[in-house]
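A.B. asks: Structure: data-v9.txt, compact mmCIF, C-alpha atoms and all ligand atoms.
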# COMPACT_ATOMS: atom_id res chain seq x y z
CA MET W 1 43.96 -6.61 -28.61
CA ARG W 2 44.73 -5.17 -25.18
CA ILE W 3 48.27 -3.80 -25.53
CA LEU W 4 50.43 -2.61 -22.63
CA ILE W 5 53.24 -0.23 -23.66
CA THR W 6 56.12 0.98 -21.49
CA GLY W 7 57.89 4.09 -22.80
CA GLY W 8 54.82 4.80 -24.94
CA SER W 9 55.29 8.55 -24.39
CA GLY W 10 58.71 8.54 -26.09
CA PHE W 11 59.87 9.27 -29.62
CA ILE W 12 58.89 5.86 -30.99
CA GLY W 13 55.83 5.50 -28.75
CA GLN W 14 54.34 8.80 -29.90
CA ALA W 15 54.24 7.43 -33.46
CA LEU W 16 53.32 3.88 -32.42
CA CYS W 17 50.29 4.63 -30.22
CA PRO W 18 48.19 6.39 -32.92
CA VAL W 19 48.85 3.53 -35.35
CA LEU W 20 47.87 0.82 -32.84
CA LEU W 21 44.75 2.80 -31.86
CA SER W 22 43.78 3.13 -35.53
CA GLU W 23 44.06 -0.66 -35.84
CA GLY W 24 41.40 -0.93 -33.10
CA HIS W 25 43.62 -1.98 -30.18
CA GLU W 26 43.01 -0.98 -26.57
CA LEU W 27 46.14 0.71 -25.15
CA LEU W 28 47.53 1.08 -21.66
CA VAL W 29 50.72 3.17 -21.40
CA VAL W 30 52.95 2.93 -18.34
CA SER W 31 54.42 6.37 -17.72
CA ARG W 32 56.09 8.12 -14.79
CA HIS W 33 54.30 11.32 -15.86
CA PRO W 34 50.80 10.36 -17.05
CA ALA W 35 49.46 13.92 -17.36
CA ARG W 36 52.42 15.02 -19.50
CA SER W 37 52.25 11.83 -21.57
CA ALA W 38 48.51 12.24 -22.16
CA LYS W 39 49.23 15.58 -23.84
CA ARG W 40 51.68 13.90 -26.25
CA LEU W 41 49.39 11.01 -27.18
CA PRO W 42 45.92 10.71 -28.70
CA SER W 43 42.90 10.45 -26.41
CA GLY W 44 41.47 7.04 -25.59
CA ILE W 45 44.63 5.65 -23.93
CA GLN W 46 44.73 4.52 -20.29
CA PHE W 47 47.75 5.39 -18.14
CA LYS W 48 49.34 3.77 -15.10
CA THR W 49 52.43 4.94 -13.27
CA SER W 50 53.86 1.44 -12.75
CA VAL W 51 53.73 -1.97 -14.38
CA ALA W 52 52.59 -3.49 -11.08
CA ALA W 53 49.42 -1.38 -11.28
CA CYS W 54 48.48 -3.01 -14.62
CA ALA W 55 47.55 -6.49 -13.34
CA ASP W 56 43.81 -6.05 -14.00
CA PHE W 57 44.44 -5.08 -17.63
CA GLU W 58 45.46 -8.67 -18.58
CA PRO W 59 47.45 -7.58 -21.67
CA GLU W 60 47.33 -9.70 -24.82
CA ALA W 61 50.44 -7.93 -26.16
CA ILE W 62 53.26 -5.98 -24.51
CA VAL W 63 55.65 -3.47 -26.08
CA ASN W 64 58.59 -2.60 -23.82
CA LEU W 65 60.43 0.59 -24.81
CA ALA W 66 61.04 2.44 -21.51
CA GLY W 67 64.54 3.50 -20.58
CA GLU W 68 66.71 6.43 -19.61
CA PRO W 69 67.76 8.25 -22.85
CA ILE W 70 71.12 6.88 -24.00
CA ALA W 71 72.74 10.07 -25.26
CA ASN W 72 71.46 12.81 -22.94
CA ARG W 73 74.36 12.77 -20.43
CA ARG W 74 77.99 11.63 -20.27
CA TRP W 75 78.34 7.99 -19.26
CA SER W 76 79.53 8.37 -15.67
CA GLN W 77 79.35 5.17 -13.62
CA ALA W 78 76.13 6.44 -12.02
CA GLN W 79 74.61 7.23 -15.43
CA LYS W 80 75.60 3.80 -16.79
CA THR W 81 73.85 2.18 -13.85
CA LYS W 82 70.77 4.31 -14.52
CA LEU W 83 70.79 3.40 -18.23
CA ILE W 84 70.86 -0.30 -17.40
CA GLU W 85 68.57 -0.34 -14.38
CA SER W 86 65.87 1.85 -15.94
CA ARG W 87 65.51 -0.88 -18.56
CA THR W 88 66.10 -4.06 -16.56
CA THR W 89 63.89 -2.98 -13.65
CA THR W 90 60.95 -2.13 -15.92
CA THR W 91 61.47 -5.38 -17.84
CA ALA W 92 61.67 -7.43 -14.63
CA SER W 93 58.37 -5.95 -13.46
CA LEU W 94 56.82 -6.98 -16.80
CA VAL W 95 58.14 -10.52 -16.24
CA ASP W 96 56.46 -10.53 -12.80
CA LEU W 97 53.23 -9.32 -14.41
CA VAL W 98 53.13 -12.02 -17.11
CA ALA W 99 54.20 -14.71 -14.63
CA GLN W 100 51.11 -13.92 -12.56
CA ALA W 101 48.67 -13.36 -15.46
CA THR W 102 45.76 -15.76 -15.78
CA THR W 103 46.00 -15.72 -19.60
CA LYS W 104 49.34 -15.94 -21.43
CA PRO W 105 49.98 -12.80 -23.50
CA LYS W 106 50.27 -13.63 -27.21
CA VAL W 107 53.39 -11.56 -27.73
CA PHE W 108 56.00 -9.57 -25.82
CA VAL W 109 58.01 -7.15 -28.00
CA SER W 110 61.02 -5.85 -26.08
CA GLY W 111 63.55 -3.21 -27.04
CA SER W 112 67.27 -3.50 -27.65
CA ALA W 113 69.60 -1.71 -30.06
CA VAL W 114 72.26 -2.06 -32.73
CA GLY W 115 74.73 -1.52 -29.87
CA PHE W 116 74.23 -5.23 -29.08
CA TYR W 117 76.71 -6.01 -31.89
CA GLY W 118 79.43 -3.56 -30.76
CA ALA W 119 81.88 -2.22 -33.35
CA CYS W 120 81.88 -4.53 -36.39
CA GLY W 121 83.60 -2.68 -39.24
CA SER W 122 81.90 -2.89 -42.63
CA GLU W 123 80.90 -6.58 -42.65
CA PRO W 124 77.10 -7.07 -42.79
CA VAL W 125 75.70 -8.04 -39.39
CA THR W 126 72.63 -10.28 -39.21
CA GLU W 127 70.80 -11.70 -36.21
CA ASP W 128 73.16 -14.71 -36.41
CA SER W 129 76.29 -12.57 -35.99
CA ALA W 130 78.25 -12.68 -32.76
CA ALA W 131 77.57 -10.16 -30.01
CA GLY W 132 80.08 -7.35 -29.54
CA GLU W 133 81.84 -5.57 -26.71
CA GLY W 134 81.64 -2.19 -24.99
CA PHE W 135 79.08 -0.49 -22.80
CA ALA W 136 76.34 -0.30 -25.47
CA HIS W 137 76.65 -4.09 -25.87
CA GLU W 138 76.54 -4.61 -22.10
CA LEU W 139 73.41 -2.46 -21.84
CA CYS W 140 71.62 -4.28 -24.65
CA ALA W 141 72.72 -7.72 -23.45
CA GLN W 142 71.35 -7.07 -19.94
CA TRP W 143 68.10 -5.64 -21.36
CA GLU W 144 67.64 -8.68 -23.64
CA ALA W 145 68.49 -11.12 -20.82
CA ALA W 146 65.86 -9.47 -18.60
CA ALA W 147 63.25 -9.85 -21.37
CA GLU W 148 64.26 -13.46 -22.01
CA ARG W 149 62.94 -14.34 -18.52
CA ALA W 150 59.42 -13.67 -19.83
CA ARG W 151 59.69 -16.47 -22.40
CA PRO W 152 57.93 -19.22 -20.35
CA TYR W 153 54.99 -16.90 -19.71
CA VAL W 154 54.25 -15.55 -23.22
CA GLU W 155 53.39 -17.25 -26.50
CA ARG W 156 56.04 -15.26 -28.44
CA LEU W 157 58.98 -13.10 -27.35
CA CYS W 158 60.39 -10.72 -29.96
CA VAL W 159 63.47 -8.59 -29.26
CA ILE W 160 63.98 -5.61 -31.56
CA ARG W 161 67.58 -4.45 -32.09
CA ILE W 162 66.78 -0.91 -33.13
CA GLY W 163 68.95 1.21 -35.44
CA LEU W 164 69.01 5.03 -35.45
CA VAL W 165 65.40 6.07 -35.76
CA LEU W 166 64.90 8.94 -38.18
CA ASP W 167 62.06 11.46 -38.12
CA GLN W 168 61.40 14.97 -36.95
CA PRO W 169 60.67 16.54 -34.57
CA GLY W 170 62.67 14.50 -32.04
CA GLY W 171 65.28 11.78 -32.14
CA MET W 172 68.80 11.97 -33.46
CA LEU W 173 67.96 14.27 -36.38
CA ASP W 174 66.97 17.03 -33.94
CA ARG W 175 70.64 17.15 -32.89
CA MET W 176 72.15 16.66 -36.33
CA VAL W 177 70.04 18.98 -38.47
CA PRO W 178 70.80 22.40 -36.81
CA PRO W 179 74.59 22.34 -37.48
CA PHE W 180 73.98 20.96 -40.97
CA ARG W 181 71.45 23.75 -41.69
CA LEU W 182 74.16 26.25 -40.71
CA GLY W 183 76.54 24.58 -43.17
CA LEU W 184 78.65 23.30 -40.25
CA GLY W 185 77.92 19.59 -40.69
CA GLY W 186 80.31 16.84 -41.61
CA ARG W 187 81.33 13.27 -40.92
CA PHE W 188 82.37 12.02 -37.48
CA GLY W 189 85.98 10.81 -37.26
CA SER W 190 86.92 8.69 -40.29
CA GLY W 191 83.27 8.52 -41.38
CA ARG W 192 83.72 4.82 -42.14
CA GLN W 193 81.68 3.61 -39.14
CA CYS W 194 78.36 2.13 -40.18
CA MET W 195 75.06 3.85 -39.28
CA PRO W 196 72.14 1.47 -39.57
CA TRP W 197 69.10 3.74 -39.65
CA ILE W 198 65.32 3.35 -39.94
CA HIS W 199 62.48 5.74 -40.72
CA ARG W 200 60.21 6.03 -37.67
CA THR W 201 57.21 5.03 -39.81
CA ASP W 202 58.92 1.71 -40.61
CA MET W 203 59.95 1.27 -36.95
CA VAL W 204 56.29 1.51 -35.99
CA ARG W 205 55.26 -0.79 -38.86
CA ILE W 206 57.82 -3.38 -37.65
CA ILE W 207 56.39 -3.37 -34.11
CA ALA W 208 52.83 -3.68 -35.46
CA TRP W 209 53.99 -6.49 -37.82
CA LEU W 210 55.61 -8.41 -34.94
CA ILE W 211 52.44 -8.06 -32.87
CA ASN W 212 50.25 -9.29 -35.72
CA HIS W 213 52.56 -11.91 -37.27
CA PRO W 214 51.75 -15.20 -35.53
CA THR W 215 55.08 -16.90 -36.28
CA ALA W 216 57.44 -14.00 -35.43
CA ASN W 217 59.68 -14.99 -32.53
CA GLY W 218 63.20 -14.19 -31.30
CA ALA W 219 65.62 -11.38 -32.18
CA PHE W 220 64.96 -9.03 -35.11
CA ASN W 221 67.29 -6.35 -36.44
CA ALA W 222 65.07 -3.28 -36.78
CA SER W 223 66.80 -1.13 -39.38
CA ALA W 224 66.45 -0.43 -43.09
CA PRO W 225 67.97 -2.93 -45.54
CA SER W 226 70.50 -0.36 -46.78
CA PRO W 227 72.74 0.79 -43.92
CA VAL W 228 75.29 3.44 -44.86
CA ASP W 229 78.52 4.64 -43.34
CA ASN W 230 78.66 7.90 -41.41
CA ALA W 231 80.32 9.83 -44.26
CA THR W 232 77.59 8.76 -46.69
CA PHE W 233 74.92 9.63 -44.13
CA SER W 234 76.42 13.10 -43.58
CA LYS W 235 76.64 13.80 -47.30
CA ALA W 236 73.05 12.65 -47.85
CA LEU W 237 71.71 14.78 -45.00
CA ALA W 238 73.59 17.84 -46.27
CA ARG W 239 72.34 17.26 -49.81
CA HIS W 240 68.71 17.01 -48.66
CA LEU W 241 69.15 20.25 -46.70
CA ASN W 242 70.88 21.91 -49.68
CA ARG W 243 74.01 22.55 -47.63
CA PRO W 244 77.64 21.39 -47.90
CA ALA W 245 79.06 18.76 -45.51
CA VAL W 246 82.60 20.06 -45.27
CA PHE W 247 83.30 20.22 -41.53
CA PRO W 248 84.36 16.78 -40.31
CA VAL W 249 84.42 16.43 -36.52
CA PRO W 250 87.75 14.81 -35.55
CA GLU W 251 87.71 11.72 -33.37
CA PHE W 252 89.66 13.37 -30.52
CA VAL W 253 87.12 16.23 -30.33
CA LEU W 254 84.23 13.76 -29.92
CA LYS W 255 86.19 11.73 -27.37
CA THR W 256 87.01 14.86 -25.37
CA ALA W 257 83.47 16.23 -25.54
CA PHE W 258 81.55 13.00 -24.92
CA GLY W 259 83.98 10.63 -23.20
CA GLU W 260 83.05 6.95 -23.53
CA MET W 261 79.68 7.95 -25.02
CA SER W 262 81.57 8.91 -28.21
CA GLU W 263 81.47 5.18 -29.06
CA LEU W 264 77.89 5.84 -30.22
CA MET W 265 79.25 8.25 -32.85
CA LEU W 266 82.56 6.64 -33.74
CA GLU W 267 81.69 2.94 -33.83
CA GLY W 268 78.96 1.00 -35.54
CA ALA W 269 77.73 -2.26 -36.98
CA CYS W 270 76.49 -2.74 -40.52
CA MET W 271 73.23 -4.24 -39.26
CA VAL W 272 70.84 -5.68 -41.84
CA PRO W 273 67.26 -6.79 -41.06
CA GLN W 274 67.70 -10.32 -42.37
CA ARG W 275 64.89 -11.96 -40.39
CA LEU W 276 62.36 -9.26 -41.30
CA LEU W 277 63.27 -9.57 -44.99
CA ASP W 278 63.08 -13.38 -44.78
CA GLY W 279 59.66 -13.02 -43.11
CA GLY W 280 58.34 -10.86 -45.96
CA PHE W 281 58.30 -7.49 -44.19
CA GLU W 282 58.22 -4.69 -46.78
CA PHE W 283 59.89 -1.40 -45.91
CA SER W 284 58.13 1.84 -46.89
CA TYR W 285 61.51 3.63 -46.80
CA PRO W 286 64.18 1.12 -47.86
CA THR W 287 66.78 3.73 -48.87
CA LEU W 288 68.21 6.69 -46.97
CA ASP W 289 67.36 9.07 -49.81
CA GLN W 290 63.69 8.01 -49.68
CA ALA W 291 63.61 8.46 -45.89
CA LEU W 292 65.37 11.83 -45.79
CA ALA W 293 63.36 13.16 -48.75
CA GLU W 294 60.13 12.38 -46.89
CA ILE W 295 61.31 13.82 -43.55
CA VAL W 296 62.97 16.97 -44.84
CA SER W 297 60.13 17.78 -47.28
CA ARG W 298 57.63 18.19 -44.43
N1 LIG W 301 65.21 6.38 -30.97
C1 LIG W 301 66.26 5.68 -31.39
O1 LIG W 301 66.97 6.06 -32.35
C2 LIG W 301 66.60 4.38 -30.71
C3 LIG W 301 67.62 3.58 -31.24
C4 LIG W 301 67.95 2.39 -30.60
C5 LIG W 301 67.27 2.00 -29.44
N2 LIG W 301 66.28 2.79 -28.96
C6 LIG W 301 65.63 2.37 -27.70
O2 LIG W 301 64.24 2.20 -27.90
C7 LIG W 301 63.52 2.68 -26.77
C8 LIG W 301 62.50 3.69 -27.23
O3 LIG W 301 63.18 4.72 -27.94
P1 LIG W 301 62.66 6.23 -27.91
O4 LIG W 301 63.56 7.00 -28.82
O5 LIG W 301 61.18 6.26 -28.09
O6 LIG W 301 63.02 6.62 -26.39
P2 LIG W 301 62.64 7.94 -25.59
O7 LIG W 301 62.01 8.96 -26.46
O8 LIG W 301 63.87 8.34 -24.85
O9 LIG W 301 61.47 7.44 -24.64
C9 LIG W 301 61.53 6.36 -23.79
C10 LIG W 301 60.54 6.50 -22.66
O10 LIG W 301 61.15 5.85 -21.56
C11 LIG W 301 60.71 6.46 -20.37
N3 LIG W 301 61.90 6.76 -19.53
C12 LIG W 301 62.84 7.70 -19.75
N4 LIG W 301 63.76 7.69 -18.76
C13 LIG W 301 63.37 6.70 -17.90
C14 LIG W 301 63.90 6.21 -16.69
N5 LIG W 301 65.02 6.72 -16.14
N6 LIG W 301 63.24 5.17 -16.10
C15 LIG W 301 62.11 4.65 -16.64
N7 LIG W 301 61.56 5.09 -17.78
C16 LIG W 301 62.20 6.10 -18.41
C17 LIG W 301 59.99 7.76 -20.71
O11 LIG W 301 58.60 7.58 -20.43
P3 LIG W 301 57.83 8.37 -19.23
O12 LIG W 301 58.52 9.71 -19.07
O13 LIG W 301 56.46 8.51 -19.77
O14 LIG W 301 57.95 7.48 -18.06
C18 LIG W 301 60.25 7.92 -22.20
O15 LIG W 301 59.16 8.47 -22.88
C19 LIG W 301 64.54 3.31 -25.81
O16 LIG W 301 64.76 2.46 -24.72
C20 LIG W 301 65.78 3.46 -26.65
O17 LIG W 301 66.99 3.27 -25.93
C21 LIG W 301 65.92 3.96 -29.56
As structure tokens, how would this structure be written, given the file I've shared?

C.D. replies:
Amino acid sequence: MRILITGGSGFIGQALCPVLLSEGHELLVVSRHPARSAKRLPSGIQFKTSVAACADFEPEAIVNLAGEPIANRRWSQAQKTKLIESRTTTTASLVDLVAQATTKPKVFVSGSAVGFYGACGSEPVTEDSAAGEGFAHELCAQWEAAAERARPYVERLCVIRIGLVLDQPGGMLDRMVPPFRLGLGGRFGSGRQCMPWIHRTDMVRIIAWLINHPTANGAFNASAPSPVDNATFSKALARHLNRPAVFPVPEFVLKTAFGEMSELMLEGACMVPQRLLDGGFEFSYPTLDQALAEIVSR
């Protein structure tokens, strides 16, 4: 298949592209920095600097992952606008592309995140659960609404509500592991907030499954079937690194240091991948211990 990927140079994309290439697909990655992205990705991939420049490619599948990193800077009003617009603008240009295509793409897989559900306590959250509140919800809701406009022009539209993607190097573990290695790790706040997580290998397998699964359509929670709370996550990470987890970070410290962005650390939803499980998707790393054992052992 001819597959167009935005954000293909990122943490997920760097693992996704080699897998899709190995399945025999032809890839075009949209990147603002093609030379830098080419160094991160295997050879044999085409690059364009904008979606508008991809019209001749006539994609059969689209994977939409591009967006300003969510946790790199404090959420000032300007940064919030950038977080939203980097996603909605890219997505809108993909809608323009498919609206003008001569052949309907078979599938459009578009990103979103667990933040869609807001803070939900410890109740399991499936794709049928109500949407939440807060900036993370607003960001995801606008991103999903932008993707929804592609629906008339594609055979299937799949939205992936992604949990915390685990692997190294890169991603959230790159920030968490150093203090834990020094024995300075611990839970955030009460530690009761849920942390739906997913091994990057399974994240990639989910995207490939959605591309290849002819009946997959709509929203999918993309996280492992066994979400844990933050305290359990911290203890598991410390155990796999053979360190204690005895330094909890109080809520007020996170709020002072990160402002509104601390909601990413202090709030969560117990997201479960109900529609993937119902569809027969099998996780390679269904438990946190299996995922961390594989990542830390490398
Ligand atoms: N990783 C996670 O744990 C996680 C969890 C939930 C949701 N997600 C979402 O899933 C998507 C992919 O995740 P990821 O971890 O692979 O992201 P990432 O590593 O931050 O990469 C995303 C890509 O987006 C492009 N990008 C960055 N800033 C941009 C901007 N201001 N405007 C346009 N494009 C920009 C970059 O590509 P170029 O530099 O090549 O243009 C970058 O490689 C992201 O949108 C992320 O929010 C990720």

A.B. asks: Return as a Markdown table the residues of region 218-256 of chain W lying at most 7 Å from region 153-159 of chain W, together with the closest atom-to-atom pair for each and the distance in Å to one decimal, counting all atoms listed in the file, with rows in chain order and ascending residue number.

C.D. replies:
| residue | atom | partner | partner_atom | distance |
| --- | --- | --- | --- | --- |
| W:Gly218 | CA | W:Cys158 | CA | 4.7 |
| W:Ala219 | CA | W:Val159 | CA | 4.6 |
| W:Phe220 | CA | W:Val159 | CA | 6.1 |

A.B. asks: List every protein, DNA or RNA residue that has an atom no more than 10 Å from (49.2, -4.7, -37.7) in the file's coordinate frame, counting all atoms listed in the file, and report them as a list of chain:residue names.

C.D. replies: W:Val19, W:Leu20, W:Ser22, W:Glu23, W:Gly24, W:His25, W:Val204, W:Arg205, W:Ile206, W:Ile207, W:Ala208, W:Trp209, W:Leu210, W:Ile211, W:Asn212, W:His213

A.B. asks: The selected residues should be written to file as a compact mmCIF listing (two decimals), in the coordinates of the input (atoms: C-alpha atoms).

C.D. replies:
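What landed in part22.txt:
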# COMPACT_ATOMS: atom_id res chain seq x y z
CA VAL W 19 48.85 3.53 -35.35
CA LEU W 20 47.87 0.82 -32.84
CA SER W 22 43.78 3.13 -35.53
CA GLU W 23 44.06 -0.66 -35.84
CA GLY W 24 41.40 -0.93 -33.10
CA HIS W 25 43.62 -1.98 -30.18
CA VAL W 204 56.29 1.51 -35.99
CA ARG W 205 55.26 -0.79 -38.86
CA ILE W 206 57.82 -3.38 -37.65
CA ILE W 207 56.39 -3.37 -34.11
CA ALA W 208 52.83 -3.68 -35.46
CA TRP W 209 53.99 -6.49 -37.82
CA LEU W 210 55.61 -8.41 -34.94
CA ILE W 211 52.44 -8.06 -32.87
CA ASN W 212 50.25 -9.29 -35.72
CA HIS W 213 52.56 -11.91 -37.27

A.B. asks: Would you mind telling me which residue in W:Ser284, W:Thr102, W:Thr215, W:Gln14 lies nearest to ligand LIG 301 (chain W) when using only C-alpha atoms and all ligand atoms?

C.D. replies: W:Gln14

A.B. asks: Give me, as a ChimeraX atom specification, the set of residues whose atoms come within 6 Å of any atom of ligand LIG 301 (chain W), counting all atoms listed in the file.

C.D. replies: /W:7,9-13,31-33,37,65-70,86,111-113,162-165,171

A.B. asks: Between W:Leu254, W:Met261, W:Val29, W:Ala53, single out the one closest to Leu41 (chain W), counting only C-alpha atoms.

C.D. replies: W:Val29

A.B. asks: Take every atom of region 66-84 of chain W listed in the file, fit an axis-aligned box around them, add 5 Å per side, and give the centre and edge lengths in Å to one decimal as AutoDock Vina command-line options.

C.D. replies:
--center_x 70.3 --center_y 6.3 --center_z -18.6 --size_x 28.5 --size_y 23.1 --size_z 23.2

A.B. asks: Go through W:Val30, W:Glu123, W:Ala38, W:Lys106 one by one, measure the shortest atom-to-atom distance of each to Thr91 (chain W) using only C-alpha atoms, and give the residue with the smallest value.

C.D. replies: W:Val30

A.B. asks: At a cut-off of 9 Å, using only C-alpha atoms, what residues contact Ala101 (chain W)? Leave out same-chain residues fewer than 6 positions from it and give the result as number ranges by chain.

C.D. replies: W: 55-56, 58-59, 153

A.B. asks: Find the residue from W:Met176, W:Ala269, W:Ile62, W:Leu182 that sits nearest to His137 (chain W); use all atoms listed in the file when measuring.

C.D. replies: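 For His137 (chain W), the nearest of the candidates is W:Ala269.
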
A.B. asks: Nearest to Leu16 (chain W) among W:Pro42, W:Pro250, W:Gly191, W:Gly170, with distances taken over all atoms listed in the file: which residue is it?

C.D. replies: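 Of the candidates, the smallest distance to Leu16 (chain W) is held by W:Pro42.
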
A.B. asks: Rank W:Pro105, W:Gly183, W:Pro152, W:Pro18 by their smallest atom-to-atom distance to Ile3 (chain W), using all atoms listed in the file, and report the top residue only.

C.D. replies: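 Among the listed residues, the smallest separation from Ile3 (chain W) belongs to W:Pro105.
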
A.B. asks: Leaving out Leu288 (chain W) and any residue of its chain fewer than 6 positions from it, which residues lie within 8 Å of it when counting all atoms listed in the file, given as a ChimeraX atom specification?

C.D. replies: /W:197,226,233,236

A.B. asks: Would you kindly return, as a list in words, each protein, DNA or RNA residue with an atom no farther than 10 Å from any atom of Ala291 (chain W), considering all atoms listed in the file and excluding same-chain residues fewer than 3 positions away?

C.D. replies: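 Within the cut-off, the hits are Leu166, Asp167, Trp197, Ile198, His199, Arg200, Thr201, Asp202, Ala224, Ser284, Tyr285, Pro286, Thr287, Leu288, Glu294, Ile295 and Val296 of chain W.
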
A.B. asks: Can you measure CA of Gly186 (chain W) to CA of Val228 (chain W) for me? One decimal in Å is fine.

C.D. replies: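 Going from CA of Gly186 (chain W) over to CA of Val228 (chain W) covers 14.7 Å.
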
A.B. asks: Which value, in Å to one decimal, gives the distance between CA of Arg161 (chain W) and CA of Phe116 (chain W)?

C.D. replies: 7.3 Å

A.B. asks: Find the residues near Glu260 (chain W): any atom within 10 Å, counting only C-alpha atoms, skip ones fewer than 3 places away on the same chain, and give them as number ranges by chain.

C.D. replies: W: 74-76, 134-135, 254-257, 263-264

A.B. asks: Hey, can you spit out that residue selection with C-alpha atoms as a PDB file, in the coordinates of the input?

C.D. replies:
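File produced: again39.pdb:
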ATOM      1  CA  ARG W  74      77.990  11.630 -20.270  1.00  0.00           C
ATOM      2  CA  TRP W  75      78.340   7.990 -19.260  1.00  0.00           C
ATOM      3  CA  SER W  76      79.530   8.370 -15.670  1.00  0.00           C
ATOM      4  CA  GLY W 134      81.640  -2.190 -24.990  1.00  0.00           C
ATOM      5  CA  PHE W 135      79.080  -0.490 -22.800  1.00  0.00           C
ATOM      6  CA  LEU W 254      84.230  13.760 -29.920  1.00  0.00           C
ATOM      7  CA  LYS W 255      86.190  11.730 -27.370  1.00  0.00           C
ATOM      8  CA  THR W 256      87.010  14.860 -25.370  1.00  0.00           C
ATOM      9  CA  ALA W 257      83.470  16.230 -25.540  1.00  0.00           C
ATOM     10  CA  GLU W 263      81.470   5.180 -29.060  1.00  0.00           C
ATOM     11  CA  LEU W 264      77.890   5.840 -30.220  1.00  0.00           C
TER      12      LEU W 264
END

A.B. asks: Tell me which protein, DNA and RNA residues are within 12 Å of Thr232 (chain W), counting all atoms listed in the file, leaving out same-chain ones fewer than 5 positions away, and put them as a PyMOL selection string.

C.D. replies: chain W and resi 186-188+190-196+226-227+237-239+245+288-289

A.B. asks: Would you write out those residues with C-alpha atoms, as a CSV table (one decimal), in the coordinates of the input?

C.D. replies:
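This is the output file again10.csv:
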chain,number,residue,atom,x,y,z
W,186,GLY,CA,80.3,16.8,-41.6
W,187,ARG,CA,81.3,13.3,-40.9
W,188,PHE,CA,82.4,12.0,-37.5
W,190,SER,CA,86.9,8.7,-40.3
W,191,GLY,CA,83.3,8.5,-41.4
W,192,ARG,CA,83.7,4.8,-42.1
W,193,GLN,CA,81.7,3.6,-39.1
W,194,CYS,CA,78.4,2.1,-40.2
W,195,MET,CA,75.1,3.8,-39.3
W,196,PRO,CA,72.1,1.5,-39.6
W,226,SER,CA,70.5,-0.4,-46.8
W,227,PRO,CA,72.7,0.8,-43.9
W,237,LEU,CA,71.7,14.8,-45.0
W,238,ALA,CA,73.6,17.8,-46.3
W,239,ARG,CA,72.3,17.3,-49.8
W,245,ALA,CA,79.1,18.8,-45.5
W,288,LEU,CA,68.2,6.7,-47.0
W,289,ASP,CA,67.4,9.1,-49.8

A.B. asks: For CA of Gln77 (chain W) and CA of Leu139 (chain W), quote the distance in Å rounded to one decimal.

C.D. replies: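 CA of Gln77 (chain W) sits 12.7 Å away from CA of Leu139 (chain W).
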
A.B. asks: Have region 130-142 of chain W completed to N, CA and C atoms, please, and pass it along as a PDB file, in the coordinates of the input.

C.D. replies:
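Okay, this is what ended up in out_4.pdb:
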ATOM      1  N   ALA W 130      77.859 -12.628 -34.179  1.00  0.00           N
ATOM      2  CA  ALA W 130      78.250 -12.680 -32.760  1.00  0.00           C
ATOM      3  C   ALA W 130      77.992 -11.338 -32.082  1.00  0.00           C
ATOM      4  N   ALA W 131      77.738 -11.392 -30.788  1.00  0.00           N
ATOM      5  CA  ALA W 131      77.570 -10.160 -30.010  1.00  0.00           C
ATOM      6  C   ALA W 131      78.908  -9.455 -29.882  1.00  0.00           C
ATOM      7  N   GLY W 132      78.855  -8.131 -29.586  1.00  0.00           N
ATOM      8  CA  GLY W 132      80.080  -7.350 -29.540  1.00  0.00           C
ATOM      9  C   GLY W 132      80.589  -7.103 -28.145  1.00  0.00           C
ATOM     10  N   GLU W 133      81.273  -5.972 -28.004  1.00  0.00           N
ATOM     11  CA  GLU W 133      81.840  -5.570 -26.710  1.00  0.00           C
ATOM     12  C   GLU W 133      81.530  -4.106 -26.485  1.00  0.00           C
ATOM     13  N   GLY W 134      81.847  -3.616 -25.289  1.00  0.00           N
ATOM     14  CA  GLY W 134      81.640  -2.190 -24.990  1.00  0.00           C
ATOM     15  C   GLY W 134      80.389  -1.980 -24.165  1.00  0.00           C
ATOM     16  N   PHE W 135      80.208  -0.736 -23.698  1.00  0.00           N
ATOM     17  CA  PHE W 135      79.080  -0.490 -22.800  1.00  0.00           C
ATOM     18  C   PHE W 135      77.731  -0.656 -23.515  1.00  0.00           C
ATOM     19  N   ALA W 136      77.634  -0.183 -24.766  1.00  0.00           N
ATOM     20  CA  ALA W 136      76.340  -0.300 -25.470  1.00  0.00           C
ATOM     21  C   ALA W 136      75.952  -1.778 -25.569  1.00  0.00           C
ATOM     22  N   HIS W 137      76.947  -2.649 -25.828  1.00  0.00           N
ATOM     23  CA  HIS W 137      76.650  -4.090 -25.870  1.00  0.00           C
ATOM     24  C   HIS W 137      76.159  -4.579 -24.498  1.00  0.00           C
ATOM     25  N   GLU W 138      76.885  -4.178 -23.460  1.00  0.00           N
ATOM     26  CA  GLU W 138      76.540  -4.610 -22.100  1.00  0.00           C
ATOM     27  C   GLU W 138      75.100  -4.216 -21.752  1.00  0.00           C
ATOM     28  N   LEU W 139      74.762  -2.980 -22.094  1.00  0.00           N
ATOM     29  CA  LEU W 139      73.410  -2.460 -21.840  1.00  0.00           C
ATOM     30  C   LEU W 139      72.358  -3.300 -22.575  1.00  0.00           C
ATOM     31  N   CYS W 140      72.598  -3.518 -23.859  1.00  0.00           N
ATOM     32  CA  CYS W 140      71.620  -4.280 -24.650  1.00  0.00           C
ATOM     33  C   CYS W 140      71.544  -5.725 -24.177  1.00  0.00           C
ATOM     34  N   ALA W 141      72.697  -6.316 -23.868  1.00  0.00           N
ATOM     35  CA  ALA W 141      72.720  -7.720 -23.450  1.00  0.00           C
ATOM     36  C   ALA W 141      71.922  -7.896 -22.156  1.00  0.00           C
ATOM     37  N   GLN W 142      72.093  -6.953 -21.220  1.00  0.00           N
ATOM     38  CA  GLN W 142      71.350  -7.070 -19.940  1.00  0.00           C
ATOM     39  C   GLN W 142      69.856  -6.848 -20.163  1.00  0.00           C
TER      40      GLN W 142
END
